[in-house]
$ cat query-v7.txt   # compact mmCIF, C-alpha atoms
# COMPACT_ATOMS: atom_id res chain seq x y z
CA MET A 1 5.54 -23.63 4.40
CA ALA A 2 8.52 -23.31 6.72
CA SER A 3 11.92 -23.34 5.05
CA GLN A 4 15.30 -24.41 6.43
CA ASP A 5 16.58 -21.15 4.91
CA TRP A 6 14.59 -19.25 7.56
CA LEU A 7 17.31 -20.19 10.05
CA ASP A 8 19.69 -17.76 8.31
CA LYS A 9 17.26 -14.86 8.16
CA ASP A 10 16.16 -12.55 10.97
CA PHE A 11 12.96 -11.11 9.45
CA TYR A 12 12.39 -8.89 12.49
CA ALA A 13 15.81 -7.31 12.06
CA LEU A 14 15.23 -6.88 8.32
CA LEU A 15 12.11 -4.82 9.02
CA GLY A 16 13.60 -3.13 12.08
CA VAL A 17 10.78 -4.19 14.40
CA PRO A 18 10.77 -6.01 17.78
CA LYS A 19 9.77 -9.66 17.95
CA ASP A 20 6.49 -8.77 19.67
CA ALA A 21 5.54 -6.17 17.02
CA ASP A 22 1.88 -6.13 16.09
CA GLU A 23 0.51 -6.33 12.55
CA ALA A 24 0.20 -2.56 12.14
CA THR A 25 3.84 -1.97 13.16
CA ILE A 26 5.07 -4.64 10.76
CA LYS A 27 3.01 -3.23 7.92
CA LYS A 28 4.19 0.34 8.56
CA ALA A 29 7.85 -0.71 8.65
CA TYR A 30 7.47 -2.73 5.45
CA ARG A 31 5.77 0.10 3.53
CA LYS A 32 8.55 2.50 4.50
CA LEU A 33 11.35 0.12 3.46
CA ALA A 34 9.60 -1.05 0.27
CA LYS A 35 9.24 2.57 -0.81
CA GLN A 36 12.88 3.30 0.05
CA TYR A 37 14.32 0.33 -1.85
CA HIS A 38 11.80 0.10 -4.71
CA PRO A 39 13.60 -0.65 -8.03
CA ASP A 40 11.92 2.34 -9.69
CA ARG A 41 13.78 4.59 -7.25
CA ASN A 42 17.05 2.67 -7.33
CA GLU A 43 17.53 1.80 -10.97
CA GLY A 44 20.65 -0.31 -11.49
CA ASP A 45 21.31 -0.67 -7.74
CA THR A 46 21.54 -4.43 -7.19
CA ALA A 47 21.98 -4.03 -3.42
CA ALA A 48 18.74 -2.04 -3.18
CA GLU A 49 16.98 -4.60 -5.39
CA GLN A 50 18.05 -7.44 -3.07
CA LYS A 51 16.99 -5.43 -0.03
CA PHE A 52 13.57 -4.87 -1.66
CA LYS A 53 13.20 -8.63 -2.15
CA ASP A 54 14.34 -9.39 1.41
CA VAL A 55 11.87 -7.01 3.09
CA GLY A 56 9.13 -8.37 0.85
CA GLU A 57 9.86 -11.92 2.01
CA ALA A 58 10.05 -10.79 5.64
CA HIS A 59 6.68 -9.04 5.41
CA ALA A 60 5.08 -12.02 3.65
CA VAL A 61 6.06 -14.31 6.51
CA LEU A 62 5.47 -12.01 9.49
CA SER A 63 2.12 -10.70 8.20
CA ASP A 64 0.75 -14.25 7.93
CA PRO A 65 -0.15 -15.53 11.43
CA GLU A 66 0.40 -19.19 10.55
CA GLN A 67 3.75 -18.61 8.84
CA ARG A 68 4.90 -16.30 11.63
CA GLN A 69 4.09 -18.95 14.23
CA GLU A 70 6.10 -21.56 12.32
CA TYR A 71 8.97 -19.10 11.81
CA ASP A 72 9.11 -18.19 15.51
CA ALA A 73 9.00 -21.87 16.50
CA LEU A 74 11.78 -22.74 14.08
CA ARG A 75 14.01 -19.86 15.22
CA SER A 76 13.34 -20.68 18.86
CA MET A 77 14.34 -24.32 18.36
CA ALA A 78 17.47 -23.20 16.52
CA GLY A 79 18.47 -20.79 19.26
CA GLY A 80 17.25 -17.68 17.47
CA GLY A 81 19.71 -17.40 14.62
CA ALA A 82 22.33 -19.24 12.60
CA ARG A 83 22.09 -22.91 11.83
CA PHE A 84 23.51 -25.33 14.40
CA THR A 85 26.77 -27.05 13.60
CA ALA A 86 26.88 -30.79 13.78
CA GLY A 87 27.39 -31.97 17.35
CA GLY A 88 30.70 -33.57 18.21
CA PRO A 89 31.46 -35.90 21.07
CA GLY A 90 29.64 -34.67 24.10
CA GLY A 91 28.04 -31.88 22.11
CA ASN A 92 24.45 -31.18 21.17
CA GLY A 93 23.16 -32.04 17.75
CA GLY A 94 21.83 -29.13 15.73
CA PHE A 95 18.88 -28.59 13.42
CA GLU A 96 20.82 -29.81 10.41
CA ASP A 97 21.60 -32.99 12.37
CA ILE A 98 17.85 -33.57 12.63
CA PHE A 99 17.50 -33.28 8.85
CA SER A 100 20.59 -35.36 8.08
CA ALA A 101 19.45 -38.07 10.47
CA PHE A 102 16.66 -38.90 8.05
CA GLY A 103 18.63 -38.35 4.87
CA GLY A 104 20.22 -41.76 4.60
CA GLY A 105 23.74 -40.34 4.73
CA GLY A 106 26.07 -38.19 6.75
CA GLY A 107 26.56 -35.39 4.26
CA GLY A 108 24.02 -33.05 5.80
CA SER A 109 22.07 -32.97 2.54
CA ARG A 110 18.53 -31.68 2.60
CA VAL A 111 15.81 -34.20 3.14
CA ARG A 112 12.99 -34.32 0.61
CA TYR A 113 9.53 -35.72 0.96
CA GLY A 114 7.05 -37.01 -1.54
CA THR A 115 3.60 -35.65 -2.18
CA GLY A 116 2.12 -39.12 -1.82
CA GLY A 117 1.45 -41.07 1.38
CA GLY A 118 4.01 -42.32 3.80
CA SER A 119 6.60 -40.62 5.95
CA PRO A 120 7.16 -36.88 5.62
CA PHE A 121 10.88 -37.72 5.43
CA ALA A 122 10.58 -40.09 2.47
CA GLY A 123 12.93 -39.24 -0.40
CA GLY A 124 12.00 -38.38 -3.96
CA GLY A 125 9.64 -35.46 -3.37
CA ALA A 126 10.00 -31.87 -4.42
CA GLY A 127 9.53 -30.10 -1.08
CA GLU A 128 11.19 -29.83 2.33
CA PRO A 129 10.20 -31.58 5.58
CA ASP A 130 7.08 -30.27 7.21
CA LEU A 131 8.08 -28.31 10.31
CA GLU A 132 4.90 -29.27 12.17
CA ASP A 133 5.61 -32.96 11.59
CA ILE A 134 9.16 -32.57 12.91
CA LEU A 135 8.10 -30.57 15.95
CA SER A 136 5.36 -33.07 16.80
CA MET A 137 7.98 -35.80 17.19
CA PHE A 138 9.56 -33.83 20.03
CA GLY A 139 6.42 -33.14 22.03
CA GLY A 140 4.94 -30.25 20.08
CA GLY A 141 2.04 -30.10 17.67
CA GLY A 142 -1.00 -32.27 17.57
CA GLY A 143 0.47 -35.50 16.16
CA ALA A 144 1.96 -38.43 18.08
CA GLY A 145 5.72 -38.23 18.65
CA PHE A 146 8.52 -40.68 19.21
CA GLY A 147 8.12 -42.73 22.36
CA GLY A 148 4.46 -41.83 22.95
CA GLN A 149 1.33 -43.83 22.58
CA GLY A 150 0.53 -44.43 18.96
CA ALA A 151 4.03 -43.24 18.01
CA GLY A 152 4.65 -42.75 14.33
CA PHE A 153 4.63 -40.19 11.58
CA ARG A 154 1.60 -38.15 10.65
CA ALA A 155 0.40 -38.35 7.09
CA PRO A 156 1.89 -35.45 5.09
CA ARG A 157 -0.39 -32.53 4.35
CA GLY A 158 -1.44 -31.63 0.86
CA PRO A 159 0.42 -29.02 -1.19
CA SER A 160 0.45 -25.62 0.51
CA LYS A 161 -0.87 -22.54 -1.23
CA GLY A 162 1.57 -19.71 -1.86
CA ALA A 163 1.86 -16.86 0.61
CA ASP A 164 0.03 -13.58 0.18
CA LEU A 165 2.44 -10.78 -0.68
CA SER A 166 2.14 -7.03 -0.17
CA ALA A 167 3.49 -4.24 -2.35
CA PRO A 168 3.06 -0.47 -2.69
CA ALA A 169 1.51 1.02 -5.85
CA GLU A 170 2.26 4.68 -6.50
CA LEU A 171 -0.16 6.39 -8.89
CA SER A 172 -0.53 9.83 -10.35
CA PHE A 173 -3.75 11.67 -9.52
CA ARG A 174 -5.03 11.21 -13.09
CA ASP A 175 -4.26 7.46 -13.15
CA ALA A 176 -6.11 6.99 -9.86
CA VAL A 177 -9.16 8.84 -11.19
CA GLU A 178 -9.27 7.29 -14.66
CA GLY A 179 -7.78 3.84 -13.89
CA ARG A 180 -5.02 2.08 -15.79
CA THR A 181 -2.87 -1.05 -15.94
CA ILE A 182 0.51 -0.73 -14.23
CA SER A 183 3.56 -2.98 -14.12
CA LEU A 184 5.17 -3.87 -10.78
CA ASP A 185 8.31 -5.71 -9.75
CA VAL A 186 7.38 -8.11 -6.96
CA ASN A 187 10.31 -10.13 -5.59
CA GLY A 188 12.01 -9.95 -8.98
CA GLU A 189 8.92 -10.95 -10.95
CA LYS A 190 7.03 -8.61 -13.28
CA VAL A 191 3.35 -8.36 -12.38
CA ASN A 192 0.70 -6.46 -14.34
CA ALA A 193 -2.04 -4.98 -12.19
CA LYS A 194 -5.28 -3.44 -13.43
CA ILE A 195 -6.16 -0.41 -11.30
CA PRO A 196 -9.89 0.44 -11.39
CA ALA A 197 -11.07 4.01 -11.97
CA GLY A 198 -11.65 5.99 -8.79
CA VAL A 199 -9.18 4.17 -6.54
CA LYS A 200 -8.40 6.17 -3.38
CA ASP A 201 -5.21 7.00 -1.55
CA GLY A 202 -4.50 4.28 1.02
CA GLN A 203 -6.94 1.81 -0.58
CA LYS A 204 -5.93 -1.84 -0.78
CA ILE A 205 -6.42 -3.90 -3.94
CA ARG A 206 -6.22 -7.72 -3.83
CA LEU A 207 -4.95 -9.40 -6.99
CA ARG A 208 -5.92 -13.07 -6.91
CA GLY A 209 -3.18 -15.53 -7.84
CA LYS A 210 -0.45 -12.88 -8.19
CA GLY A 211 1.31 -13.58 -4.89
CA GLY A 212 3.92 -16.11 -3.79
CA HIS A 213 4.29 -19.49 -5.46
CA GLY A 214 3.01 -22.47 -3.52
CA ASP A 215 4.07 -26.12 -3.54
CA ARG A 216 3.90 -28.01 -6.79
CA GLY A 217 0.26 -28.40 -7.72
CA ALA A 218 -0.91 -25.70 -5.29
CA ALA A 219 -2.39 -22.30 -6.10
CA ARG A 220 -0.41 -19.10 -5.84
CA GLY A 221 -1.17 -16.64 -3.07
CA ASP A 222 -2.61 -13.18 -3.61
CA LEU A 223 -0.85 -9.86 -4.09
CA ILE A 224 -2.21 -7.04 -1.94
CA LEU A 225 -1.44 -3.56 -3.24
CA THR A 226 -1.57 -0.49 -1.04
CA VAL A 227 -2.28 2.51 -3.25
CA SER A 228 -0.51 5.84 -2.80
CA VAL A 229 -1.97 8.69 -4.90
CA ALA A 230 0.09 11.79 -5.71
CA ARG A 231 -1.42 15.25 -5.22
CA HIS A 232 -2.57 17.30 -8.21
CA PRO A 233 -1.57 20.97 -8.53
CA VAL A 234 -5.12 22.05 -9.48
CA PHE A 235 -7.68 19.37 -8.65
CA GLY A 236 -8.68 17.79 -5.38
CA ARG A 237 -11.12 15.06 -4.47
CA ASP A 238 -14.21 14.71 -2.30
CA GLY A 239 -15.52 11.16 -2.63
CA ASN A 240 -16.38 10.76 -6.31
CA HIS A 241 -16.44 14.53 -6.84
CA LEU A 242 -13.49 16.48 -8.18
CA THR A 243 -12.85 19.88 -6.61
CA ILE A 244 -11.17 23.02 -7.92
CA ASP A 245 -10.65 26.58 -6.65
CA LEU A 246 -12.04 28.97 -9.29
CA PRO A 247 -10.49 32.46 -9.27
CA VAL A 248 -12.85 35.29 -10.35
CA THR A 249 -12.35 39.03 -10.31
CA PHE A 250 -14.20 41.43 -8.04
CA ALA A 251 -16.07 42.78 -11.05
CA GLU A 252 -17.09 39.29 -12.28
CA ALA A 253 -18.38 38.33 -8.84
CA THR A 254 -20.21 41.63 -8.41
CA LEU A 255 -21.71 42.06 -11.87
CA GLY A 256 -21.90 38.44 -12.97
CA ALA A 257 -19.98 36.73 -15.77
CA THR A 258 -19.50 33.54 -17.78
CA VAL A 259 -16.08 31.98 -17.13
CA SER A 260 -14.15 28.89 -18.26
CA VAL A 261 -13.43 26.04 -15.84
CA PRO A 262 -10.74 23.45 -16.76
CA THR A 263 -11.54 19.74 -16.44
CA LEU A 264 -9.21 16.84 -15.68
CA ASP A 265 -9.33 15.51 -19.25
CA GLY A 266 -7.75 18.74 -20.55
CA SER A 267 -10.90 20.35 -21.93
CA SER A 268 -12.83 23.23 -20.37
CA VAL A 269 -16.47 24.04 -19.73
CA LYS A 270 -18.31 27.37 -19.43
CA VAL A 271 -20.06 28.22 -16.18
CA LYS A 272 -22.14 31.23 -15.17
CA VAL A 273 -21.17 33.28 -12.14
CA ALA A 274 -24.32 35.01 -10.89
CA PRO A 275 -24.20 38.73 -9.95
CA GLY A 276 -23.30 39.20 -6.30
CA THR A 277 -21.61 35.80 -5.96
CA PRO A 278 -19.63 35.69 -2.68
CA SER A 279 -16.22 34.12 -2.25
CA GLY A 280 -16.55 30.47 -1.17
CA ARG A 281 -19.73 29.68 -3.12
CA VAL A 282 -19.53 26.27 -4.84
CA LEU A 283 -20.63 25.94 -8.46
CA ARG A 284 -21.54 22.36 -9.42
CA LEU A 285 -20.76 20.96 -12.88
CA LYS A 286 -22.79 17.77 -13.23
CA GLY A 287 -21.06 14.59 -14.41
CA ARG A 288 -17.59 16.15 -14.66
CA GLY A 289 -16.16 14.27 -11.69
CA ILE A 290 -14.94 10.70 -11.20
CA VAL A 291 -16.71 8.03 -13.23
CA THR A 292 -16.66 4.49 -11.80
CA ALA A 293 -18.64 1.34 -12.57
CA LYS A 294 -21.14 2.30 -9.86
CA ALA A 295 -21.30 6.09 -9.80
CA LYS A 296 -20.52 9.35 -11.57
CA GLY A 297 -19.36 12.36 -9.60
CA ASP A 298 -19.47 16.11 -10.30
CA LEU A 299 -16.88 18.86 -10.57
CA LEU A 300 -17.23 21.31 -7.68
CA ALA A 301 -15.79 24.75 -8.45
CA LYS A 302 -15.31 26.90 -5.35
CA VAL A 303 -15.33 30.64 -6.11
CA GLN A 304 -12.29 32.56 -4.91
CA ILE A 305 -12.56 36.33 -5.41
CA ILE A 306 -9.18 37.78 -6.30
CA VAL A 307 -8.44 41.19 -4.79
CA PRO A 308 -6.14 43.29 -7.02
CA THR A 309 -2.96 44.53 -5.38
CA ASP A 310 -1.43 46.64 -8.18
CA LEU A 311 -4.09 49.30 -8.85
CA ASP A 312 -3.12 52.34 -10.91
CA GLU A 313 -4.34 55.80 -9.94
CA ALA A 314 -7.53 55.69 -12.03
CA GLU A 315 -8.50 52.26 -10.69
CA ARG A 316 -7.89 53.35 -7.12
CA GLU A 317 -10.10 56.40 -7.59
CA ALA A 318 -12.86 54.21 -9.01
CA VAL A 319 -12.74 51.95 -5.94
CA GLU A 320 -12.80 54.96 -3.66
CA VAL A 321 -15.91 56.28 -5.43
CA LEU A 322 -17.59 52.89 -4.82
CA ARG A 323 -16.54 52.92 -1.19
CA ASP A 324 -17.86 56.43 -0.59
CA ALA A 325 -21.13 55.62 -2.36
CA ARG A 326 -21.99 52.83 0.11
CA SER A 327 -22.59 53.42 3.78
CA ASP A 328 -23.42 49.85 4.89
CA ASP A 329 -21.08 48.15 7.38
CA PRO A 330 -20.73 44.37 6.85
CA ARG A 331 -19.47 44.03 10.44
CA ALA A 332 -22.32 45.93 12.07
CA ASP A 333 -23.75 42.98 14.00
CA LEU A 334 -20.53 41.00 14.32
CA ALA A 335 -19.82 42.07 17.92
CA SER A 336 -23.38 41.33 19.09
CA ARG A 337 -23.37 37.86 17.46
CA ALA A 338 -19.92 37.11 18.89
CA GLY A 339 -21.20 37.66 22.42
CA ALA A 340 -24.34 35.58 21.99
$ encode --input "query-v7.txt" --output "structure tokens"
Amino acid sequence: MASQDWLDKDFYALLGVPKDADEATIKKAYRKLAKQYHPDRNEGDTAAEQKFKDVGEAHAVLSDPEQRQEYDALRSMAGGGARFTAGGPGGNGGFEDIFSAFGGGGGGSRVRYGTGGGSPFAGGGAGEPDLEDILSMFGGGGGAGFGGQGAGFRAPRGPSKGADLSAPAELSFRDAVEGRTISLDVNGEKVNAKIPAGVKDGQKIRLRGKGGHGDRGAARGDLILTVSVARHPVFGRDGNHLTIDLPVTFAEATLGATVSVPTLDGSSVKVKVAPGTPSGRVLRLKGRGIVTAKAKGDLLAKVQIIVPTDLDEAEREAVEVLRDARSDDPRADLASRAGA
């Protein structure tokens, strides 16, 4: 729901985007700033913590089409920025004058409205005036305004659900593969989020009821996490399969061998390298990949033949004997195939 406090906040400036920015531009700017000012990266920095909260609020409003429309309308009516001052003789009344006009006094106090029937400006409630009701009185919105046919106030709407919020979630490679519960700071509130096994880099996870607070008696919004997965120094990923480059010696690849392959859980498994295995061949270890509720992947070990670079004299002579013993040219038909 629109807030009078929006008059003091330029959400577009907070995110560093133009007023006609599309959803993708807003999301990209928010992700960059949220990562920059995240409390985990700025421990003890209260200014960064406040900035993190501000960009979160800005994104929550601008990423919601309905809230963005209300925000733009409110800022447009207020002249695009700071609150109006009360109008003097010959001057124009400001937005606060509109509120104070229904407050029963001249102190400029905020007007409240009840959750029951009656005028949206009736005192005793817990919320703020409904922007759409106010705008409709001055010719906007779908309700009847002052001076028109059927003039009067519209019945107040029911309690509004909280806004959906967005937040980044940075995971290690292992946590993304195995799943875990993480703790996040969202607008100053601690939120526990269960990350399922096998989550992918860039994937979005919606946490129901973990977003912004709504009006009294209304449900909370959702929290939408955008997952960022760190790279692993050894393992990669191909769908639900884990991948690894498996170094083998020239002799092992030529003569065949049984070698150990590490797995993500810290153990290792033996695998046979057949005689004459070429570099680049993939050896599949069944069921050693990513295990989710719906599937179980494999571990794909790609053979990489290591060529020695520090041969001693005896080793060099042995290689030369092998070279001289073979007369085949592996590039014999390369030129003819290249011109095909």
$ closest_residue --input "query-v7.txt" --among "A:Thr181, A:Ser228, A:Ser260, A:Ser160" --to "A:Lys204" --atoms "all atoms listed in the file"
A:Ser228
$ closest_residue --input "query-v7.txt" --among "A:His38, A:Arg326, A:Lys302, A:Arg237" --to "A:Ser279" --atoms "all atoms listed in the file"
A:Lys302
$ closest_residue --input "query-v7.txt" --among "A:Ala34, A:Ala47, A:Ala293, A:Ile244" --to "A:Glu170" --atoms "all atoms listed in the file"
A:Ala34
$ atom_distance --input "query-v7.txt" --atom1 "atom CA of A:Thr277" --atom2 "atom CA of A:Gly256"
7.5 Å
$ closest_residue --input "query-v7.txt" --among "A:Arg41, A:Arg31, A:Asp72, A:Gln50" --to "A:Phe11" --atoms "all atoms listed in the file"
A:Asp72
$ closest_residue --input "query-v7.txt" --among "A:Arg281, A:Arg206, A:Lys286, A:Arg331" --to "A:Val269" --atoms "all atoms listed in the file"
A:Lys286
$ residues_around --input "query-v7.txt" --residues "A:Asp40" --least-positions-apart "3" --cutoff "10 Å" --atoms "only C-alpha atoms" --output "list in words"
Lys35, Gln36, Tyr37, Glu43, Gly44, Glu49, Leu184 and Asp185 of chain A
